[in-house]
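Printed here is final25.cif (mmCIF, C-alpha atoms; chains and numbers go by the auth columns):
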data_target
loop_
_atom_site.group_PDB
_atom_site.id
_atom_site.type_symbol
_atom_site.label_atom_id
_atom_site.label_comp_id
_atom_site.label_asym_id
_atom_site.label_seq_id
_atom_site.Cartn_x
_atom_site.Cartn_y
_atom_site.Cartn_z
_atom_site.B_iso_or_equiv
_atom_site.auth_seq_id
_atom_site.auth_asym_id
ATOM 1 C CA MET A 1 22.523 32.093 245.233 0.00 1 M
ATOM 2 C CA ILE A 2 25.671 33.976 244.133 0.00 2 M
ATOM 3 C CA ARG A 3 28.852 34.011 246.182 0.00 3 M
ATOM 4 C CA SER A 4 31.678 36.382 245.158 0.00 4 M
ATOM 5 C CA PHE A 5 35.378 36.374 246.022 0.00 5 M
ATOM 6 C CA GLN A 6 38.076 39.018 245.488 0.00 6 M
ATOM 7 C CA PRO A 7 41.218 36.914 246.027 0.00 7 M
ATOM 8 C CA GLY A 8 44.070 39.184 244.841 0.00 8 M
ATOM 9 C CA LEU A 9 47.316 37.858 243.363 0.00 9 M
ATOM 10 C CA ILE A 10 47.951 34.153 242.807 0.00 10 M
ATOM 11 C CA GLN A 11 51.456 32.784 242.273 0.00 11 M
ATOM 12 C CA ASN A 12 52.423 29.725 240.204 0.00 12 M
ATOM 13 C CA LEU A 13 49.324 29.639 238.010 0.00 13 M
ATOM 14 C CA SER A 14 49.643 29.507 234.243 0.00 14 M
ATOM 15 C CA ASP A 15 52.774 31.382 233.186 0.00 15 M
ATOM 16 C CA GLY A 16 53.918 32.293 236.671 0.00 16 M
ATOM 17 C CA SER A 17 51.908 35.208 237.997 0.00 17 M
ATOM 18 C CA VAL A 18 48.211 35.665 237.474 0.00 18 M
ATOM 19 C CA ASN A 19 45.986 38.362 238.906 0.00 19 M
ATOM 20 C CA VAL A 20 42.563 36.983 239.668 0.00 20 M
ATOM 21 C CA GLY A 21 39.540 39.184 239.172 0.00 21 M
ATOM 22 C CA LEU A 22 36.099 38.821 240.665 0.00 22 M
ATOM 23 C CA GLN A 23 34.955 35.214 241.034 0.00 23 M
ATOM 24 C CA LYS A 24 31.295 34.212 241.201 0.00 24 M
ATOM 25 C CA VAL A 25 29.775 30.881 242.156 0.00 25 M
ATOM 26 C CA LEU A 26 26.342 30.435 240.574 0.00 26 M
ATOM 27 C CA LEU A 27 23.941 27.917 242.076 0.00 27 M
ATOM 28 C CA GLU A 28 20.382 26.735 241.453 0.00 28 M
ATOM 29 C CA ASP A 29 18.380 29.038 239.166 0.00 29 M
ATOM 30 C CA GLU A 30 21.339 31.330 238.402 0.00 30 M
ATOM 31 C CA ALA A 31 23.352 28.327 237.184 0.00 31 M
ATOM 32 C CA LYS A 32 20.452 27.085 235.032 0.00 32 M
ATOM 33 C CA HIS A 33 19.944 30.529 233.486 0.00 33 M
ATOM 34 C CA PHE A 34 23.675 30.828 232.839 0.00 34 M
ATOM 35 C CA ILE A 35 23.765 27.474 231.027 0.00 35 M
ATOM 36 C CA GLU A 36 20.690 28.357 228.968 0.00 36 M
ATOM 37 C CA SER A 37 22.385 31.607 227.891 0.00 37 M
ATOM 38 C CA LEU A 38 25.404 29.774 226.432 0.00 38 M
ATOM 39 C CA PRO A 39 25.702 29.006 222.715 0.00 39 M
ATOM 40 C CA SER A 40 24.665 25.474 221.751 0.00 40 M
ATOM 41 C CA ASP A 41 28.285 24.558 220.924 0.00 41 M
ATOM 42 C CA SER A 42 29.624 25.611 224.356 0.00 42 M
ATOM 43 C CA SER A 43 31.548 22.801 226.028 0.00 43 M
ATOM 44 C CA ILE A 44 29.852 23.638 229.312 0.00 44 M
ATOM 45 C CA ARG A 45 26.402 23.399 227.773 0.00 45 M
ATOM 46 C CA ILE A 46 27.224 20.136 225.955 0.00 46 M
ATOM 47 C CA ALA A 47 28.721 18.596 229.121 0.00 47 M
ATOM 48 C CA HIS A 48 25.650 19.645 231.114 0.00 48 M
ATOM 49 C CA GLU A 49 23.305 18.134 228.515 0.00 49 M
ATOM 50 C CA TYR A 50 25.325 14.897 228.622 0.00 50 M
ATOM 51 C CA TRP A 51 25.165 14.800 232.447 0.00 51 M
ATOM 52 C CA SER A 52 21.422 15.608 232.373 0.00 52 M
ATOM 53 C CA THR A 53 20.783 12.747 229.942 0.00 53 M
ATOM 54 C CA LEU A 54 22.666 10.314 232.207 0.00 54 M
ATOM 55 C CA SER A 55 20.814 11.681 235.258 0.00 55 M
ATOM 56 C CA GLU A 56 17.418 11.046 233.662 0.00 56 M
ATOM 57 C CA VAL A 57 18.086 7.310 233.332 0.00 57 M
ATOM 58 C CA GLN A 58 19.566 6.893 236.834 0.00 58 M
ATOM 59 C CA ASP A 59 17.910 6.793 240.212 0.00 59 M
ATOM 60 C CA GLY A 60 19.971 9.624 241.701 0.00 60 M
ATOM 61 C CA PHE A 61 23.187 10.926 240.195 0.00 61 M
ATOM 62 C CA PRO A 62 24.856 9.115 237.315 0.00 62 M
ATOM 63 C CA ASP A 63 27.792 6.872 238.217 0.00 63 M
ATOM 64 C CA ARG A 64 31.295 7.790 237.086 0.00 64 M
ATOM 65 C CA GLN A 65 31.611 4.359 235.442 0.00 65 M
ATOM 66 C CA ASP A 66 28.794 5.396 233.060 0.00 66 M
ATOM 67 C CA ILE A 67 30.910 8.134 231.462 0.00 67 M
ATOM 68 C CA ASP A 68 31.436 7.276 227.793 0.00 68 M
ATOM 69 C CA PRO A 69 34.125 9.400 226.102 0.00 69 M
ATOM 70 C CA ILE A 70 32.678 8.572 222.675 0.00 70 M
ATOM 71 C CA GLU A 71 29.284 9.980 223.679 0.00 71 M
ATOM 72 C CA ILE A 72 30.902 13.128 225.101 0.00 72 M
ATOM 73 C CA GLY A 73 32.673 13.710 221.785 0.00 73 M
ATOM 74 C CA SER A 74 36.170 14.637 220.721 0.00 74 M
ATOM 75 C CA GLU A 75 35.341 18.367 220.586 0.00 75 M
ATOM 76 C CA VAL A 76 34.376 18.472 224.276 0.00 76 M
ATOM 77 C CA LEU A 77 36.753 15.901 225.833 0.00 77 M
ATOM 78 C CA PRO A 78 39.725 18.316 226.050 0.00 78 M
ATOM 79 C CA HIS A 79 37.506 20.622 228.146 0.00 79 M
ATOM 80 C CA ILE A 80 36.659 17.918 230.728 0.00 80 M
ATOM 81 C CA VAL A 81 38.088 17.533 234.227 0.00 81 M
ATOM 82 C CA LEU A 82 37.206 14.662 236.582 0.00 82 M
ATOM 83 C CA VAL A 83 37.721 15.215 240.300 0.00 83 M
ATOM 84 C CA ASP A 84 37.548 12.540 243.004 0.00 84 M
ATOM 85 C CA VAL A 85 35.723 13.565 246.192 0.00 85 M
ATOM 86 C CA GLU A 86 37.395 11.893 249.169 0.00 86 M
ATOM 87 C CA ASP A 87 35.351 11.756 252.363 0.00 87 M
ATOM 88 C CA GLY A 88 36.975 12.860 255.558 0.00 88 M
ATOM 89 C CA GLU A 89 37.426 15.936 257.652 0.00 89 M
ATOM 90 C CA PRO A 90 37.996 18.002 255.671 0.00 90 M
ATOM 91 C CA ILE A 91 36.734 16.603 252.368 0.00 91 M
ATOM 92 C CA ARG A 92 39.573 16.431 249.837 0.00 92 M
ATOM 93 C CA TYR A 93 39.456 16.889 246.079 0.00 93 M
ATOM 94 C CA ARG A 94 41.887 15.002 243.831 0.00 94 M
ATOM 95 C CA TYR A 95 42.180 15.748 240.127 0.00 95 M
ATOM 96 C CA GLN A 96 41.713 12.419 238.356 0.00 96 M
ATOM 97 C CA LEU A 97 41.756 13.629 234.739 0.00 97 M
ATOM 98 C CA VAL A 98 42.558 17.040 233.246 0.00 98 M
ATOM 99 C CA GLY A 99 41.743 17.637 229.589 0.00 99 M
ATOM 100 C CA SER A 100 44.356 19.178 227.294 0.00 100 M
ATOM 101 C CA TYR A 101 42.318 22.372 226.795 0.00 101 M
ATOM 102 C CA VAL A 102 42.316 22.933 230.566 0.00 102 M
ATOM 103 C CA GLU A 103 46.052 22.196 230.713 0.00 103 M
ATOM 104 C CA ASP A 104 46.570 24.911 228.092 0.00 104 M
ATOM 105 C CA ILE A 105 44.508 27.434 230.069 0.00 105 M
ATOM 106 C CA PHE A 106 46.416 26.993 233.322 0.00 106 M
ATOM 107 C CA GLY A 107 49.778 25.845 231.969 0.00 107 M
ATOM 108 C CA ALA A 108 49.898 22.579 233.918 0.00 108 M
ATOM 109 C CA ASN A 109 48.350 19.141 234.200 0.00 109 M
ATOM 110 C CA TYR A 110 47.013 18.749 237.730 0.00 110 M
ATOM 111 C CA ALA A 111 46.049 15.063 237.315 0.00 111 M
ATOM 112 C CA GLY A 112 46.874 13.099 240.463 0.00 112 M
ATOM 113 C CA GLN A 113 47.181 16.218 242.637 0.00 113 M
ATOM 114 C CA TYR A 114 45.049 17.197 245.598 0.00 114 M
ATOM 115 C CA LEU A 115 43.560 20.670 245.453 0.00 115 M
ATOM 116 C CA ASP A 116 44.650 21.484 249.014 0.00 116 M
ATOM 117 C CA GLU A 117 48.307 20.665 248.219 0.00 117 M
ATOM 118 C CA MET A 118 48.600 22.900 245.174 0.00 118 M
ATOM 119 C CA GLU A 119 50.675 26.089 245.423 0.00 119 M
ATOM 120 C CA LEU A 120 48.087 28.489 244.008 0.00 120 M
ATOM 121 C CA GLY A 121 47.707 31.233 246.597 0.00 121 M
ATOM 122 C CA SER A 122 44.034 31.690 247.506 0.00 122 M
ATOM 123 C CA MET A 123 42.718 29.840 244.425 0.00 123 M
ATOM 124 C CA PRO A 124 42.339 26.446 246.184 0.00 124 M
ATOM 125 C CA ASP A 125 40.007 28.087 248.731 0.00 125 M
ATOM 126 C CA ILE A 126 37.829 29.479 245.940 0.00 126 M
ATOM 127 C CA VAL A 127 37.727 26.190 244.024 0.00 127 M
ATOM 128 C CA SER A 128 37.132 24.212 247.233 0.00 128 M
ATOM 129 C CA THR A 129 34.130 26.434 248.032 0.00 129 M
ATOM 130 C CA PHE A 130 32.876 25.808 244.493 0.00 130 M
ATOM 131 C CA PHE A 131 33.365 22.017 244.725 0.00 131 M
ATOM 132 C CA THR A 132 31.808 21.909 248.208 0.00 132 M
ATOM 133 C CA ALA A 133 28.690 23.678 246.916 0.00 133 M
ATOM 134 C CA VAL A 134 28.270 20.785 244.480 0.00 134 M
ATOM 135 C CA GLY A 135 29.160 18.048 246.971 0.00 135 M
ATOM 136 C CA GLU A 136 27.050 19.279 249.881 0.00 136 M
ATOM 137 C CA LYS A 137 24.000 20.383 247.940 0.00 137 M
ATOM 138 C CA GLY A 138 24.141 17.686 245.258 0.00 138 M
ATOM 139 C CA GLN A 139 23.540 20.157 242.453 0.00 139 M
ATOM 140 C CA ILE A 140 25.373 21.750 239.584 0.00 140 M
ATOM 141 C CA ALA A 141 27.412 24.914 240.115 0.00 141 M
ATOM 142 C CA ILE A 142 29.167 27.407 237.851 0.00 142 M
ATOM 143 C CA LEU A 143 32.412 29.210 238.764 0.00 143 M
ATOM 144 C CA ASP A 144 32.808 32.342 236.670 0.00 144 M
ATOM 145 C CA GLY A 145 35.962 34.484 236.795 0.00 145 M
ATOM 146 C CA THR A 146 38.507 36.674 235.042 0.00 146 M
ATOM 147 C CA PHE A 147 42.293 36.239 235.109 0.00 147 M
ATOM 148 C CA ILE A 148 45.094 38.516 233.860 0.00 148 M
ATOM 149 C CA SER A 149 48.457 36.892 233.103 0.00 149 M
ATOM 150 C CA ARG A 150 51.810 38.540 233.810 0.00 150 M
ATOM 151 C CA ILE A 151 52.057 39.371 230.117 0.00 151 M
ATOM 152 C CA GLN A 152 48.760 41.244 230.464 0.00 152 M
ATOM 153 C CA ILE A 153 46.574 38.778 228.576 0.00 153 M
ATOM 154 C CA ALA A 154 43.114 38.830 230.101 0.00 154 M
ATOM 155 C CA PHE A 155 40.940 35.774 229.886 0.00 155 M
ATOM 156 C CA HIS A 156 37.601 34.795 231.298 0.00 156 M
ATOM 157 C CA VAL A 157 37.059 31.217 232.469 0.00 157 M
ATOM 158 C CA ASN A 158 33.735 29.540 233.174 0.00 158 M
ATOM 159 C CA ARG A 159 33.595 26.131 234.846 0.00 159 M
ATOM 160 C CA ILE A 160 30.736 23.832 235.609 0.00 160 M
ATOM 161 C CA ALA A 161 30.849 21.036 238.175 0.00 161 M
ATOM 162 C CA MET A 162 28.245 18.277 238.342 0.00 162 M
ATOM 163 C CA PRO A 163 28.005 15.445 240.885 0.00 163 M
ATOM 164 C CA PHE A 164 28.665 11.811 239.968 0.00 164 M
ATOM 165 C CA ALA A 165 28.197 8.782 242.175 0.00 165 M
ATOM 166 C CA VAL A 166 31.045 6.315 242.636 0.00 166 M
ATOM 167 C CA GLY A 167 29.719 2.924 243.666 0.00 167 M
ATOM 168 C CA SER A 168 27.733 3.360 246.883 0.00 168 M
ATOM 169 C CA ASN A 169 29.019 6.916 247.440 0.00 169 M
ATOM 170 C CA PRO A 170 26.275 9.218 246.078 0.00 170 M
ATOM 171 C CA ILE A 171 28.746 12.036 245.369 0.00 171 M
ATOM 172 C CA GLY A 172 32.156 10.464 244.878 0.00 172 M
ATOM 173 C CA ALA A 173 33.286 12.476 241.862 0.00 173 M
ATOM 174 C CA LEU A 174 32.734 15.764 240.090 0.00 174 M
ATOM 175 C CA PHE A 175 32.363 16.013 236.322 0.00 175 M
ATOM 176 C CA CYS A 176 33.601 19.438 235.215 0.00 176 M
ATOM 177 C CA ALA A 177 33.894 21.343 231.948 0.00 177 M
ATOM 178 C CA PHE A 178 35.748 24.586 231.157 0.00 178 M
ATOM 179 C CA ASP A 179 35.313 27.351 228.574 0.00 179 M
ATOM 180 C CA LYS A 180 37.673 30.303 228.135 0.00 180 M
ATOM 181 C CA GLN A 181 37.126 33.610 226.374 0.00 181 M
ATOM 182 C CA GLU A 182 39.844 36.182 225.649 0.00 182 M
ATOM 183 C CA THR A 183 38.828 39.521 227.102 0.00 183 M
ATOM 184 C CA GLY A 184 41.427 41.891 225.741 0.00 184 M
#

If you convert what's in this file into structure tokens, what do you get?
Amino acid sequence: MIRSFQPGLIQNLSDGSVNVGLQKVLLEDEAKHFIESLPSDSSIRIAHEYWSTLSEVQDGFPDRQDIDPIEIGSEVLPHIVLVDVEDGEPIRYRYQLVGSYVEDIFGANYAGQYLDEMELGSMPDIVSTFFTAVGEKGQIAILDGTFISRIQIAFHVNRIAMPFAVGSNPIGALFCAFDKQETG
């Protein structure tokens, strides 16, 4: 399933003003095909392989406490984001850890912040839809999109989110990885 969004202009992202292009959420087979198409050294592909390995030895989703930064590797760690999933109505997403590579992409460290409290125009709605696809369906998802900064630097960002259990909560966290490509 592919869901697309055309959100318009977002304020306060990266260097101040970012125009967001078409966003796509890839689920199920589209997400698997996307991952398989990535180069073997892609942070998204490596993070997915790590999550898949942990998933194979667990009964259900791997637990967040099983994350081993040494196994992930120093090349991929800066690309990692951990998000807490807080039950309630509505479900809330809190950034627990934001890797330095992701900080550089968006110009801020969102660690400790709730997605719904961030001043990012329509972007929280897009990301919340993406996170909810993972949380409700218990599967991986890819968010694929293009951004253009106010200094006219275009970049393409791909994100993957994968469910992690936290204690008795089967989906209490999301394990995410980011890759960015300059587009012109």

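Between atom CA of Ile46 of chain M and atom CA of Ile70 of chain M there is a distance of 13.2 Å.
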
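Evaluating the PyMOL selection byres ((chain M and resi 64) around 9) against the shown model yields Pro62, Asp63, Gln65, Asp66, Ile67, Phe164, Ala165, Val166, Gly167, Gly172, Ala173, Leu174 and Phe175 of chain M.
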
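Candidate residues M:Asn158, M:Thr129, M:Ser43, M:Asn169 were compared for distance to Ser74 of chain M, and the nearest is M:Ser43, using all atoms listed in the file.
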
Margin query: So the first atom is atom CA of Leu97 of chain M and the second is atom CA of Leu77 of chain M; what is the distance between them in Å, to one decimal place?
Written below: 10.5 Å

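Here atom CA of Glu36 of chain M stands at a distance of 23.4 Å from atom CA of Pro69 of chain M.
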
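Using all atoms listed in the file, the shortest contact distance between Gly112 of chain M and any of M:Val25, M:Thr146, M:Leu82, M:Pro124 is found at M:Leu82.
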
Step by step, work through what the PyMOL selection byres ((chain M and resi 133) around 12) selects in the shown file, and finish by giving those residues as an mmCIF file with C-alpha atoms, in the frame of the given file.
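Saved file out-v6.cif follows:
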data_model
loop_
_atom_site.group_PDB
_atom_site.id
_atom_site.type_symbol
_atom_site.label_atom_id
_atom_site.label_comp_id
_atom_site.auth_asym_id
_atom_site.auth_seq_id
_atom_site.Cartn_x
_atom_site.Cartn_y
_atom_site.Cartn_z
ATOM 1 C CA MET M 1 22.523 32.093 245.233
ATOM 2 C CA ILE M 2 25.671 33.976 244.133
ATOM 3 C CA ARG M 3 28.852 34.011 246.182
ATOM 4 C CA VAL M 25 29.775 30.881 242.156
ATOM 5 C CA LEU M 26 26.342 30.435 240.574
ATOM 6 C CA LEU M 27 23.941 27.917 242.076
ATOM 7 C CA GLU M 28 20.382 26.735 241.453
ATOM 8 C CA ILE M 126 37.829 29.479 245.940
ATOM 9 C CA VAL M 127 37.727 26.190 244.024
ATOM 10 C CA SER M 128 37.132 24.212 247.233
ATOM 11 C CA THR M 129 34.130 26.434 248.032
ATOM 12 C CA PHE M 130 32.876 25.808 244.493
ATOM 13 C CA PHE M 131 33.365 22.017 244.725
ATOM 14 C CA THR M 132 31.808 21.909 248.208
ATOM 15 C CA VAL M 134 28.270 20.785 244.480
ATOM 16 C CA GLY M 135 29.160 18.048 246.971
ATOM 17 C CA GLU M 136 27.050 19.279 249.881
ATOM 18 C CA LYS M 137 24.000 20.383 247.940
ATOM 19 C CA GLY M 138 24.141 17.686 245.258
ATOM 20 C CA GLN M 139 23.540 20.157 242.453
ATOM 21 C CA ILE M 140 25.373 21.750 239.584
ATOM 22 C CA ALA M 141 27.412 24.914 240.115
ATOM 23 C CA ILE M 142 29.167 27.407 237.851
ATOM 24 C CA LEU M 143 32.412 29.210 238.764
ATOM 25 C CA ILE M 160 30.736 23.832 235.609
ATOM 26 C CA ALA M 161 30.849 21.036 238.175
ATOM 27 C CA MET M 162 28.245 18.277 238.342
ATOM 28 C CA PRO M 163 28.005 15.445 240.885
ATOM 29 C CA ILE M 171 28.746 12.036 245.369
ATOM 30 C CA LEU M 174 32.734 15.764 240.090
#

Checklist line | Selection result of the PyMOL selection byres ((chain M and resi 42) around 12) on this file, as a PyMOL selection string | finding: chain M and resi 34-41+43-49+75-76+79+158-160+177-181

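Candidate residues M:Val157, M:Tyr110, M:Asp104, M:Phe61 were compared for distance to Val81 of chain M, and the nearest is M:Tyr110, using all atoms listed in the file.
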
Item checked: Which residue of M:Gln23, M:Leu115, M:Glu30, M:Phe106 approaches Val85 of chain M most closely, using only C-alpha atoms -> M:Leu115
